[in-house]
file structure-v7.pdb (PDB, C-alpha atoms, pLDDT in the B column)
ATOM      1  CA  LYS D 217      -7.151  -3.884 -18.464  1.00 70.00           C
ATOM      2  CA  ALA D 218      -8.848  -5.256 -15.375  1.00 83.00           C
ATOM      3  CA  GLY D 219      -7.351  -4.326 -12.016  1.00 94.00           C
ATOM      4  CA  VAL D 220      -6.386  -6.471  -9.070  1.00 97.00           C
ATOM      5  CA  THR D 221      -9.311  -8.455  -7.705  1.00 98.00           C
ATOM      6  CA  GLN D 222      -9.692  -9.921  -4.239  1.00 98.00           C
ATOM      7  CA  THR D 223     -12.222 -12.357  -2.851  1.00 97.00           C
ATOM      8  CA  PRO D 224     -14.094 -12.386  -0.632  1.00 97.00           C
ATOM      9  CA  ARG D 225     -14.544  -8.680   0.117  1.00 97.00           C
ATOM     10  CA  TYR D 226     -15.820  -9.243   3.634  1.00 97.00           C
ATOM     11  CA  LEU D 227     -15.354 -12.117   6.055  1.00 97.00           C
ATOM     12  CA  ILE D 228     -16.347 -12.792   9.653  1.00 98.00           C
ATOM     13  CA  LYS D 229     -14.564 -15.574  11.502  1.00 98.00           C
ATOM     14  CA  THR D 230     -14.303 -16.834  15.068  1.00 98.00           C
ATOM     15  CA  ARG D 231     -11.118 -17.029  17.121  1.00 98.00           C
ATOM     16  CA  GLY D 232      -9.235 -20.256  16.477  1.00 98.00           C
ATOM     17  CA  GLN D 233     -10.582 -20.741  12.966  1.00 98.00           C
ATOM     18  CA  GLN D 234      -8.508 -20.421   9.817  1.00 98.00           C
ATOM     19  CA  VAL D 235      -9.165 -18.352   6.715  1.00 98.00           C
ATOM     20  CA  THR D 236      -8.014 -18.262   3.095  1.00 98.00           C
ATOM     21  CA  LEU D 237      -8.040 -15.086   1.023  1.00 98.00           C
ATOM     22  CA  SER D 238      -7.623 -14.951  -2.734  1.00 98.00           C
ATOM     23  CA  CYS D 239      -6.027 -12.435  -5.081  1.00 98.00           C
ATOM     24  CA  SER D 240      -5.938 -12.234  -8.871  1.00 98.00           C
ATOM     25  CA  PRO D 241      -3.265  -9.813 -10.157  1.00 97.00           C
ATOM     26  CA  ILE D 242      -3.445  -7.551 -13.183  1.00 96.00           C
ATOM     27  CA  SER D 243      -3.093  -9.612 -16.338  1.00 94.00           C
ATOM     28  CA  GLY D 244       0.593 -10.072 -17.150  1.00 92.00           C
ATOM     29  CA  HIS D 245       1.800  -9.187 -13.655  1.00 93.00           C
ATOM     30  CA  ARG D 246       3.935 -11.886 -12.100  1.00 92.00           C
ATOM     31  CA  SER D 247       4.555 -10.450  -8.638  1.00 93.00           C
ATOM     32  CA  VAL D 248       1.974 -10.403  -5.866  1.00 96.00           C
ATOM     33  CA  SER D 249       2.499  -8.828  -2.444  1.00 96.00           C
ATOM     34  CA  TRP D 250       0.230  -8.965   0.578  1.00 97.00           C
ATOM     35  CA  TYR D 251      -0.242  -6.267   3.213  1.00 98.00           C
ATOM     36  CA  GLN D 252      -2.194  -5.960   6.436  1.00 98.00           C
ATOM     37  CA  GLN D 253      -3.794  -2.600   7.244  1.00 98.00           C
ATOM     38  CA  THR D 254      -5.001  -1.706  10.739  1.00 97.00           C
ATOM     39  CA  PRO D 255      -5.796   1.690  12.314  1.00 93.00           C
ATOM     40  CA  GLY D 256      -2.965   1.313  14.811  1.00 91.00           C
ATOM     41  CA  GLN D 257      -0.160  -0.106  12.680  1.00 94.00           C
ATOM     42  CA  GLY D 258      -1.074   1.196   9.251  1.00 95.00           C
ATOM     43  CA  LEU D 259      -0.027  -0.786   6.196  1.00 97.00           C
ATOM     44  CA  GLN D 260       2.449  -3.569   6.944  1.00 97.00           C
ATOM     45  CA  PHE D 261       4.104  -5.905   4.476  1.00 96.00           C
ATOM     46  CA  LEU D 262       3.324  -9.600   4.872  1.00 97.00           C
ATOM     47  CA  PHE D 263       5.083 -11.331   1.959  1.00 94.00           C
ATOM     48  CA  GLU D 264       5.731 -11.265  -1.764  1.00 93.00           C
ATOM     49  CA  TYR D 265       5.487 -14.019  -4.339  1.00 94.00           C
ATOM     50  CA  PHE D 266       7.052 -14.056  -7.755  1.00 92.00           C
ATOM     51  CA  SER D 267       6.815 -16.966 -10.174  1.00 90.00           C
ATOM     52  CA  GLU D 268       5.350 -19.191  -7.449  1.00 94.00           C
ATOM     53  CA  THR D 269       8.271 -18.513  -5.059  1.00 93.00           C
ATOM     54  CA  GLN D 270       8.192 -16.469  -1.884  1.00 92.00           C
ATOM     55  CA  ARG D 271      10.809 -13.754  -2.363  1.00 89.00           C
ATOM     56  CA  ASN D 272      10.433 -11.742   0.805  1.00 87.00           C
ATOM     57  CA  LYS D 273       8.638 -11.970   4.129  1.00 91.00           C
ATOM     58  CA  GLY D 274       7.634  -9.393   6.722  1.00 93.00           C
ATOM     59  CA  ASN D 275       7.662  -9.681  10.503  1.00 94.00           C
ATOM     60  CA  PHE D 276       4.528 -11.726  11.018  1.00 97.00           C
ATOM     61  CA  PRO D 277       4.128 -15.051  12.857  1.00 97.00           C
ATOM     62  CA  GLY D 278       4.130 -18.339  11.032  1.00 96.00           C
ATOM     63  CA  ARG D 279       0.322 -18.457  11.250  1.00 98.00           C
ATOM     64  CA  PHE D 280       0.385 -16.230   8.180  1.00 98.00           C
ATOM     65  CA  SER D 281       1.299 -18.076   5.000  1.00 97.00           C
ATOM     66  CA  GLY D 282       0.728 -17.797   1.315  1.00 97.00           C
ATOM     67  CA  ARG D 283       1.262 -19.328  -2.056  1.00 97.00           C
ATOM     68  CA  GLN D 284       1.164 -18.438  -5.704  1.00 97.00           C
ATOM     69  CA  PHE D 285      -0.091 -20.509  -8.586  1.00 97.00           C
ATOM     70  CA  SER D 286       1.286 -20.858 -12.102  1.00 96.00           C
ATOM     71  CA  ASN D 287      -1.271 -18.328 -13.402  1.00 95.00           C
ATOM     72  CA  SER D 288       0.079 -15.782 -10.844  1.00 95.00           C
ATOM     73  CA  ARG D 289      -3.057 -15.901  -8.700  1.00 98.00           C
ATOM     74  CA  SER D 290      -2.213 -15.923  -5.026  1.00 98.00           C
ATOM     75  CA  GLU D 291      -3.786 -17.023  -1.782  1.00 98.00           C
ATOM     76  CA  MET D 292      -2.923 -16.173   1.788  1.00 98.00           C
ATOM     77  CA  ASN D 293      -3.908 -18.249   4.764  1.00 98.00           C
ATOM     78  CA  VAL D 294      -4.174 -17.334   8.405  1.00 98.00           C
ATOM     79  CA  SER D 295      -4.464 -20.201  10.857  1.00 96.00           C
ATOM     80  CA  THR D 296      -5.630 -20.121  14.475  1.00 97.00           C
ATOM     81  CA  LEU D 297      -7.176 -16.678  14.132  1.00 98.00           C
ATOM     82  CA  GLU D 298      -6.770 -14.137  16.919  1.00 98.00           C
ATOM     83  CA  LEU D 299      -8.823 -11.029  17.611  1.00 97.00           C
ATOM     84  CA  GLY D 300      -5.829  -8.912  16.601  1.00 97.00           C
ATOM     85  CA  ASP D 301      -5.936 -10.373  13.092  1.00 98.00           C
ATOM     86  CA  SER D 302      -9.002  -8.248  12.336  1.00 98.00           C
ATOM     87  CA  ALA D 303      -7.827  -5.975   9.541  1.00 98.00           C
ATOM     88  CA  LEU D 304      -8.075  -5.023   5.898  1.00 98.00           C
ATOM     89  CA  TYR D 305      -5.898  -7.415   3.898  1.00 98.00           C
ATOM     90  CA  LEU D 306      -4.603  -5.901   0.691  1.00 98.00           C
ATOM     91  CA  CYS D 307      -3.045  -7.563  -2.292  1.00 98.00           C
ATOM     92  CA  ALA D 308      -0.856  -5.681  -4.758  1.00 97.00           C
ATOM     93  CA  SER D 309       0.653  -6.700  -8.045  1.00 95.00           C
ATOM     94  CA  ARG D 310       3.537  -5.467 -10.193  1.00 92.00           C
ATOM     95  CA  SER D 311       4.710  -6.586 -13.557  1.00 85.00           C
ATOM     96  CA  GLY D 312       8.138  -7.927 -12.684  1.00 74.00           C
ATOM     97  CA  THR D 313      11.262  -7.628 -10.612  1.00 64.00           C
ATOM     98  CA  ALA D 314      12.565  -4.555 -12.436  1.00 67.00           C
ATOM     99  CA  GLN D 315       9.425  -2.498 -11.903  1.00 71.00           C
ATOM    100  CA  TYR D 316       8.591  -1.281  -8.425  1.00 80.00           C
ATOM    101  CA  GLU D 317       5.170   0.310  -8.856  1.00 88.00           C
ATOM    102  CA  GLN D 318       2.520  -1.777  -7.150  1.00 93.00           C
ATOM    103  CA  TYR D 319      -1.194  -1.668  -7.869  1.00 95.00           C
ATOM    104  CA  PHE D 320      -3.573  -2.575  -5.089  1.00 97.00           C
ATOM    105  CA  GLY D 321      -6.828  -4.453  -5.009  1.00 98.00           C
ATOM    106  CA  PRO D 322      -9.887  -3.374  -2.999  1.00 97.00           C
ATOM    107  CA  GLY D 323      -8.942  -5.558  -0.042  1.00 98.00           C
ATOM    108  CA  THR D 324     -10.649  -8.177   2.095  1.00 98.00           C
ATOM    109  CA  ARG D 325     -12.098  -6.923   5.374  1.00 98.00           C
ATOM    110  CA  LEU D 326     -11.584  -9.675   7.961  1.00 98.00           C
ATOM    111  CA  THR D 327     -13.353  -9.467  11.299  1.00 98.00           C
ATOM    112  CA  VAL D 328     -12.455 -11.979  14.012  1.00 98.00           C
ATOM    113  CA  THR D 329     -14.945 -12.354  16.870  1.00 97.00           C
TER
ATOM    114  CA  GLU E 131      15.902   0.726  10.544  1.00 82.00           C
ATOM    115  CA  ASP E 132      13.998   1.925   7.474  1.00 87.00           C
ATOM    116  CA  GLN E 133      11.325   4.420   8.448  1.00 92.00           C
ATOM    117  CA  VAL E 134       8.749   6.689   6.813  1.00 96.00           C
ATOM    118  CA  THR E 135       7.041   9.556   8.664  1.00 97.00           C
ATOM    119  CA  GLN E 136       4.200  11.637   7.266  1.00 98.00           C
ATOM    120  CA  SER E 137       2.960  14.992   8.510  1.00 98.00           C
ATOM    121  CA  PRO E 138       0.536  16.342   9.359  1.00 98.00           C
ATOM    122  CA  GLU E 139      -1.644  13.421  10.436  1.00 97.00           C
ATOM    123  CA  ALA E 140      -4.747  15.346   9.408  1.00 98.00           C
ATOM    124  CA  LEU E 141      -5.249  18.455   7.306  1.00 98.00           C
ATOM    125  CA  ARG E 142      -8.433  20.432   6.836  1.00 98.00           C
ATOM    126  CA  LEU E 143      -8.574  22.880   3.940  1.00 98.00           C
ATOM    127  CA  GLN E 144     -11.142  25.120   2.371  1.00 98.00           C
ATOM    128  CA  GLU E 145     -11.809  24.554  -1.297  1.00 98.00           C
ATOM    129  CA  GLY E 146      -9.164  26.434  -3.283  1.00 97.00           C
ATOM    130  CA  GLU E 147      -6.723  26.667  -0.354  1.00 98.00           C
ATOM    131  CA  SER E 148      -3.404  25.203  -1.552  1.00 98.00           C
ATOM    132  CA  SER E 149      -1.132  23.273   0.824  1.00 98.00           C
ATOM    133  CA  SER E 150       1.556  20.596   1.054  1.00 98.00           C
ATOM    134  CA  LEU E 151       1.877  17.187   2.660  1.00 98.00           C
ATOM    135  CA  ASN E 152       5.254  15.999   3.906  1.00 98.00           C
ATOM    136  CA  CYS E 153       6.878  12.563   3.826  1.00 98.00           C
ATOM    137  CA  SER E 154      10.298  12.174   5.434  1.00 98.00           C
ATOM    138  CA  TYR E 155      12.190   8.919   5.122  1.00 96.00           C
ATOM    139  CA  THR E 156      15.223   7.109   6.468  1.00 93.00           C
ATOM    140  CA  VAL E 157      16.116   4.133   4.313  1.00 87.00           C
ATOM    141  CA  SER E 158      19.202   2.241   3.275  1.00 82.00           C
ATOM    142  CA  GLY E 159      19.367   2.661  -0.463  1.00 82.00           C
ATOM    143  CA  LEU E 160      16.206   4.254  -1.824  1.00 87.00           C
ATOM    144  CA  ARG E 161      14.907   2.436  -4.885  1.00 87.00           C
ATOM    145  CA  GLY E 162      11.725   4.470  -5.238  1.00 91.00           C
ATOM    146  CA  LEU E 163       9.233   6.638  -3.365  1.00 95.00           C
ATOM    147  CA  PHE E 164       5.536   6.243  -4.046  1.00 96.00           C
ATOM    148  CA  TRP E 165       2.426   8.285  -3.341  1.00 98.00           C
ATOM    149  CA  TYR E 166      -0.968   6.661  -3.067  1.00 98.00           C
ATOM    150  CA  ARG E 167      -4.464   7.944  -2.418  1.00 98.00           C
ATOM    151  CA  GLN E 168      -6.850   5.853  -0.321  1.00 98.00           C
ATOM    152  CA  ASP E 169     -10.577   6.417   0.021  1.00 97.00           C
ATOM    153  CA  PRO E 170     -12.433   4.888   2.986  1.00 94.00           C
ATOM    154  CA  GLY E 171     -13.003   1.149   2.589  1.00 90.00           C
ATOM    155  CA  LYS E 172     -10.947   0.939  -0.612  1.00 94.00           C
ATOM    156  CA  GLY E 173      -7.461  -0.112  -1.601  1.00 97.00           C
ATOM    157  CA  PRO E 174      -4.726   2.478  -2.195  1.00 97.00           C
ATOM    158  CA  GLU E 175      -4.755   4.071  -5.646  1.00 97.00           C
ATOM    159  CA  PHE E 176      -1.350   4.657  -7.228  1.00 96.00           C
ATOM    160  CA  LEU E 177      -0.490   8.303  -7.917  1.00 97.00           C
ATOM    161  CA  PHE E 178       3.262   8.826  -8.455  1.00 95.00           C
ATOM    162  CA  THR E 179       6.680   7.213  -8.401  1.00 95.00           C
ATOM    163  CA  LEU E 180       9.813   9.273  -7.740  1.00 96.00           C
ATOM    164  CA  TYR E 181      13.250   7.730  -8.100  1.00 91.00           C
ATOM    165  CA  SER E 182      15.876  10.417  -7.537  1.00 92.00           C
ATOM    166  CA  ALA E 183      16.363  13.727  -5.734  1.00 94.00           C
ATOM    167  CA  GLY E 184      15.160  16.664  -7.780  1.00 96.00           C
ATOM    168  CA  GLU E 185      12.531  14.658  -9.617  1.00 96.00           C
ATOM    169  CA  GLU E 186       8.997  16.084  -9.903  1.00 97.00           C
ATOM    170  CA  LYS E 187       5.743  14.559 -11.151  1.00 97.00           C
ATOM    171  CA  GLU E 188       2.381  16.252 -11.754  1.00 97.00           C
ATOM    172  CA  LYS E 189      -1.172  15.054 -12.173  1.00 95.00           C
ATOM    173  CA  GLU E 190      -4.078  17.483 -12.272  1.00 96.00           C
ATOM    174  CA  ARG E 191      -3.967  19.453  -8.988  1.00 97.00           C
ATOM    175  CA  LEU E 192      -1.222  17.280  -7.467  1.00 98.00           C
ATOM    176  CA  LYS E 193       2.540  17.696  -7.724  1.00 98.00           C
ATOM    177  CA  ALA E 194       5.066  15.434  -6.019  1.00 98.00           C
ATOM    178  CA  THR E 195       8.686  16.381  -5.390  1.00 98.00           C
ATOM    179  CA  LEU E 196      11.643  14.491  -3.930  1.00 97.00           C
ATOM    180  CA  THR E 197      14.795  15.472  -2.038  1.00 95.00           C
ATOM    181  CA  LYS E 198      17.384  13.221  -0.415  1.00 92.00           C
ATOM    182  CA  LYS E 199      15.461  13.105   2.849  1.00 94.00           C
ATOM    183  CA  GLU E 200      11.837  13.929   2.106  1.00 97.00           C
ATOM    184  CA  SER E 201       9.063  14.218  -0.412  1.00 98.00           C
ATOM    185  CA  PHE E 202       6.265  16.730  -0.699  1.00 98.00           C
ATOM    186  CA  LEU E 203       2.833  16.344  -2.214  1.00 98.00           C
ATOM    187  CA  HIS E 204       1.612  19.797  -3.201  1.00 98.00           C
ATOM    188  CA  ILE E 205      -2.116  20.248  -3.697  1.00 98.00           C
ATOM    189  CA  THR E 206      -3.081  23.319  -5.710  1.00 98.00           C
ATOM    190  CA  ALA E 207      -6.615  24.752  -5.409  1.00 98.00           C
ATOM    191  CA  PRO E 208      -8.049  21.541  -3.948  1.00 98.00           C
ATOM    192  CA  LYS E 209     -11.644  20.444  -4.449  1.00 98.00           C
ATOM    193  CA  PRO E 210     -13.864  18.419  -2.092  1.00 98.00           C
ATOM    194  CA  GLU E 211     -13.267  15.327  -4.241  1.00 97.00           C
ATOM    195  CA  ASP E 212      -9.581  15.483  -3.270  1.00 98.00           C
ATOM    196  CA  SER E 213     -10.591  14.477   0.264  1.00 98.00           C
ATOM    197  CA  ALA E 214      -8.879  11.160   1.072  1.00 98.00           C
ATOM    198  CA  THR E 215      -5.950   9.696   2.969  1.00 98.00           C
ATOM    199  CA  TYR E 216      -2.646  10.187   1.160  1.00 98.00           C
ATOM    200  CA  LEU E 217      -0.033   7.527   1.757  1.00 98.00           C
ATOM    201  CA  CYS E 218       3.693   7.715   1.142  1.00 98.00           C
ATOM    202  CA  ALA E 219       5.755   4.545   0.739  1.00 96.00           C
ATOM    203  CA  VAL E 220       9.365   3.699  -0.036  1.00 94.00           C
ATOM    204  CA  GLN E 221      10.994   0.708  -1.622  1.00 89.00           C
ATOM    205  CA  ALA E 222      14.495   0.256  -0.292  1.00 77.00           C
ATOM    206  CA  GLY E 223      17.366  -2.168  -0.278  1.00 68.00           C
ATOM    207  CA  SER E 224      18.489  -4.506  -2.979  1.00 60.00           C
ATOM    208  CA  GLY E 225      18.145  -8.056  -4.117  1.00 57.00           C
ATOM    209  CA  ASN E 226      14.794  -9.551  -3.304  1.00 58.00           C
ATOM    210  CA  GLN E 227      13.350  -6.505  -1.522  1.00 61.00           C
ATOM    211  CA  GLY E 228      11.448  -5.328  -4.592  1.00 65.00           C
ATOM    212  CA  GLY E 229       7.978  -6.195  -3.422  1.00 74.00           C
ATOM    213  CA  LYS E 230       8.306  -4.763   0.070  1.00 87.00           C
ATOM    214  CA  LEU E 231       6.953  -1.254   0.465  1.00 92.00           C
ATOM    215  CA  ILE E 232       7.382   0.586   3.759  1.00 94.00           C
ATOM    216  CA  PHE E 233       4.443   2.907   4.368  1.00 96.00           C
ATOM    217  CA  GLY E 234       3.986   6.023   6.430  1.00 97.00           C
ATOM    218  CA  GLN E 235       0.891   6.418   8.584  1.00 97.00           C
ATOM    219  CA  GLY E 236      -0.782   8.681   6.054  1.00 98.00           C
ATOM    220  CA  THR E 237      -2.234  12.192   6.008  1.00 98.00           C
ATOM    221  CA  GLU E 238      -6.014  12.430   6.138  1.00 98.00           C
ATOM    222  CA  LEU E 239      -7.027  15.362   3.939  1.00 98.00           C
ATOM    223  CA  SER E 240     -10.451  16.960   4.197  1.00 98.00           C
ATOM    224  CA  VAL E 241     -11.469  19.707   1.753  1.00 98.00           C
ATOM    225  CA  LYS E 242     -14.587  21.675   2.622  1.00 97.00           C
ATOM    226  CA  PRO E 243     -16.626  23.546  -0.004  1.00 96.00           C
TER
END

call {"tool": "encode", "arguments": {"input": "structure-v7.pdb", "output": "structure tokens"}}
result
Amino acid sequence: KAGVTQTPRYLIKTRGQQVTLSCSPISGHRSVSWYQQTPGQGLQFLFEYFSETQRNKGNFPGRFSGRQFSNSRSEMNVSTLELGDSALYLCASRSGTAQYEQYFGPGTRLTVT
Amino acid sequence: EDQVTQSPEALRLQEGESSSLNCSYTVSGLRGLFWYRQDPGKGPEFLFTLYSAGEEKEKERLKATLTKKESFLHITAPKPEDSATYLCAVQAGSGNQGGKLIFGQGTELSVKP
């Protein structure tokens, strides 16, 4: 079974721009969560989507948003990029609400200049 | 506030030298504790889930244990290929918190031949 895939793998953007990252979960998984990983803060939860609905949100500004499609694929968007948004953005999927194990993708490395 | 603390931050071992990594947690209602392995530039790789105190899981040279306040990842006779950052995470709370993992800062393990 194929794992979680994320595109693009690397991205360079300029301050003030916006960016959209994509995630395809493991086949059959309906929940997708997004995390930001930085050397200083470690892995921090952004939000989770299940059946196209946002179920939970972390402590990030409104510039960070996401959505999920009917095929469980998910996108996250960051508007008005700041230098501090440079990070590895990780997507994780799990099969459903009763199963807590999450499986991560390879991540998208975003650099903001 | 839910919190996860890992120690040590870094650990250097000689090949064959067994040791343990610690993960202490303070959460309201533990649903599960997870161990992941992360290689540089990659997403975390799932290793174990532990749900209740006294539970143990094993995989090759790794063994994870859980008490009411902490978890240990024991590494027996490590090899250089075990070098990676080991992450501990907890899933806490109830209701719609299922997708939110709280991560520790990780232990960077280096095994020299």

call {"tool": "resolve_selection", "arguments": {"input": "structure-v7.pdb", "expression": "the ChimeraX specification (/D :<8) & /E", "output": "list in words"}}
result
Gly162, Phe164, Gly171, Lys172, Gly173, Pro174, Glu175, Phe176, Thr179, Gln221, Asn226, Gln227, Gly228, Gly229, Lys230, Leu231, Ile232, Phe233, Gly234 and Gln235 of chain E

call {"tool": "residues_around", "arguments": {"input": "structure-v7.pdb", "residues": "D:Met292", "least_positions_apart": "6", "cutoff": "8 Å", "atoms": "all atoms listed in the file", "output": "list in words"}}
result
Thr236, Leu237, Ser238, Trp250, Phe280, Ser281, Gly282 and Arg283 of chain D

call {"tool": "resolve_selection", "arguments": {"input": "structure-v7.pdb", "expression": "the PyMOL selection byres ((chain E and resi 185) around 9)", "output": "list of chain:residue names"}}
result
E:Leu180, E:Tyr181, E:Ser182, E:Ala183, E:Gly184, E:Glu186, E:Lys187, E:Ala194, E:Thr195, E:Leu196, E:Thr197

call {"tool": "residues_near_point", "arguments": {"input": "structure-v7.pdb", "point": "(-4.5, 7.9, -2.6)", "cutoff": "7 Å", "atoms": "only C-alpha atoms", "output": "number ranges by chain"}}
result
E: 165-169, 174-177, 214-217

call {"tool": "axis_aligned_box", "arguments": {"input": "structure-v7.pdb", "around": "stretch 146-155 of chain E", "padding_each_side": "6 Å", "output": "JSON"}}
result
{"center_x": 1.5, "center_y": 17.8, "center_z": 1.1, "size_x": 33.4, "size_y": 29.7, "size_z": 20.7}

call {"tool": "resolve_selection", "arguments": {"input": "structure-v7.pdb", "expression": "the PyMOL selection byres ((chain D and resi 241) around 7)", "output": "PDB file with C-alpha atoms, in the frame of the given file"}}
result
ATOM      1  CA  VAL D 220      -6.386  -6.471  -9.070  1.00 97.00           C
ATOM      2  CA  THR D 221      -9.311  -8.455  -7.705  1.00 98.00           C
ATOM      3  CA  CYS D 239      -6.027 -12.435  -5.081  1.00 98.00           C
ATOM      4  CA  SER D 240      -5.938 -12.234  -8.871  1.00 98.00           C
ATOM      5  CA  ILE D 242      -3.445  -7.551 -13.183  1.00 96.00           C
ATOM      6  CA  SER D 243      -3.093  -9.612 -16.338  1.00 94.00           C
ATOM      7  CA  HIS D 245       1.800  -9.187 -13.655  1.00 93.00           C
ATOM      8  CA  VAL D 248       1.974 -10.403  -5.866  1.00 96.00           C
ATOM      9  CA  SER D 288       0.079 -15.782 -10.844  1.00 95.00           C
ATOM     10  CA  ARG D 289      -3.057 -15.901  -8.700  1.00 98.00           C
ATOM     11  CA  SER D 309       0.653  -6.700  -8.045  1.00 95.00           C
TER      12      SER D 309
END

call {"tool": "atom_distance", "arguments": {"input": "structure-v7.pdb", "atom1": "atom CA of D:Gly232", "atom2": "atom CA of D:Ser290"}}
result
23.0 Å

call {"tool": "atom_distance", "arguments": {"input": "structure-v7.pdb", "atom1": "atom CA of E:Glu139", "atom2": "atom CA of E:Pro208"}}
result
17.7 Å

call {"tool": "atom_distance", "arguments": {"input": "structure-v7.pdb", "atom1": "atom CA of D:Phe276", "atom2": "atom CA of D:Thr254"}}
result
13.8 Å

call {"tool": "residues_around", "arguments": {"input": "structure-v7.pdb", "residues": "E:Ser149", "least_positions_apart": "4", "cutoff": "7 Å", "atoms": "all atoms listed in the file", "output": "number ranges by chain"}}
result
E: 204-206

call {"tool": "decode", "arguments": {"input": "structure-v7.pdb", "residues": "stretch 165-216 of chain E", "atoms": "C-alpha atoms", "output": "PDB file, in the first residue's frame"}}
result
ATOM      1  CA  TRP E 165       7.284   6.572  19.294  1.00  0.00           C
ATOM      2  CA  TYR E 166       8.591   7.674  15.931  1.00  0.00           C
ATOM      3  CA  ARG E 167      11.981   7.593  14.261  1.00  0.00           C
ATOM      4  CA  GLN E 168      13.018  10.489  12.024  1.00  0.00           C
ATOM      5  CA  ASP E 169      15.981  10.520   9.669  1.00  0.00           C
ATOM      6  CA  PRO E 170      17.361  13.863   8.447  1.00  0.00           C
ATOM      7  CA  GLY E 171      15.179  15.462   5.775  1.00  0.00           C
ATOM      8  CA  LYS E 172      12.455  12.814   6.083  1.00  0.00           C
ATOM      9  CA  GLY E 173       9.091  12.484   7.758  1.00  0.00           C
ATOM     10  CA  PRO E 174       8.720  10.614  11.061  1.00  0.00           C
ATOM     11  CA  GLU E 175       8.444   6.837  10.737  1.00  0.00           C
ATOM     12  CA  PHE E 176       5.960   5.152  13.068  1.00  0.00           C
ATOM     13  CA  LEU E 177       7.474   2.670  15.529  1.00  0.00           C
ATOM     14  CA  PHE E 178       5.120   1.909  18.447  1.00  0.00           C
ATOM     15  CA  THR E 179       1.837   2.761  20.117  1.00  0.00           C
ATOM     16  CA  LEU E 180       1.342   2.237  23.855  1.00  0.00           C
ATOM     17  CA  TYR E 181      -2.066   2.699  25.435  1.00  0.00           C
ATOM     18  CA  SER E 182      -1.860   1.770  29.113  1.00  0.00           C
ATOM     19  CA  ALA E 183       0.640   1.597  31.971  1.00  0.00           C
ATOM     20  CA  GLY E 184       2.544  -1.663  32.013  1.00  0.00           C
ATOM     21  CA  GLU E 185       2.291  -2.177  28.275  1.00  0.00           C
ATOM     22  CA  GLU E 186       5.440  -3.130  26.332  1.00  0.00           C
ATOM     23  CA  LYS E 187       6.136  -3.384  22.600  1.00  0.00           C
ATOM     24  CA  GLU E 188       9.222  -4.748  20.827  1.00  0.00           C
ATOM     25  CA  LYS E 189      10.644  -4.459  17.344  1.00  0.00           C
ATOM     26  CA  GLU E 190      14.094  -5.776  16.502  1.00  0.00           C
ATOM     27  CA  ARG E 191      16.547  -3.986  18.837  1.00  0.00           C
ATOM     28  CA  LEU E 192      13.912  -1.582  20.198  1.00  0.00           C
ATOM     29  CA  LYS E 193      11.590  -2.047  23.161  1.00  0.00           C
ATOM     30  CA  ALA E 194       9.113   0.561  24.371  1.00  0.00           C
ATOM     31  CA  THR E 195       7.565   0.581  27.836  1.00  0.00           C
ATOM     32  CA  LEU E 196       4.949   2.784  29.493  1.00  0.00           C
ATOM     33  CA  THR E 197       4.217   3.870  33.066  1.00  0.00           C
ATOM     34  CA  LYS E 198       1.674   6.403  34.300  1.00  0.00           C
ATOM     35  CA  LYS E 199       4.123   9.272  33.929  1.00  0.00           C
ATOM     36  CA  GLU E 200       6.769   8.239  31.421  1.00  0.00           C
ATOM     37  CA  SER E 201       7.828   5.957  28.630  1.00  0.00           C
ATOM     38  CA  PHE E 202      11.190   4.434  27.850  1.00  0.00           C
ATOM     39  CA  LEU E 203      12.634   3.366  24.535  1.00  0.00           C
ATOM     40  CA  HIS E 204      15.289   0.745  25.224  1.00  0.00           C
ATOM     41  CA  ILE E 205      17.859   0.117  22.513  1.00  0.00           C
ATOM     42  CA  THR E 206      19.705  -3.186  22.821  1.00  0.00           C
ATOM     43  CA  ALA E 207      23.084  -3.642  21.087  1.00  0.00           C
ATOM     44  CA  PRO E 208      22.525  -0.719  18.710  1.00  0.00           C
ATOM     45  CA  LYS E 209      24.008  -0.551  15.224  1.00  0.00           C
ATOM     46  CA  PRO E 210      25.078   2.531  13.239  1.00  0.00           C
ATOM     47  CA  GLU E 211      21.868   2.286  11.196  1.00  0.00           C
ATOM     48  CA  ASP E 212      19.898   3.007  14.382  1.00  0.00           C
ATOM     49  CA  SER E 213      21.273   6.560  14.288  1.00  0.00           C
ATOM     50  CA  ALA E 214      18.312   8.952  13.981  1.00  0.00           C
ATOM     51  CA  THR E 215      16.156  11.310  16.009  1.00  0.00           C
ATOM     52  CA  TYR E 216      13.591   9.481  18.132  1.00  0.00           C
TER      53      TYR E 216
END
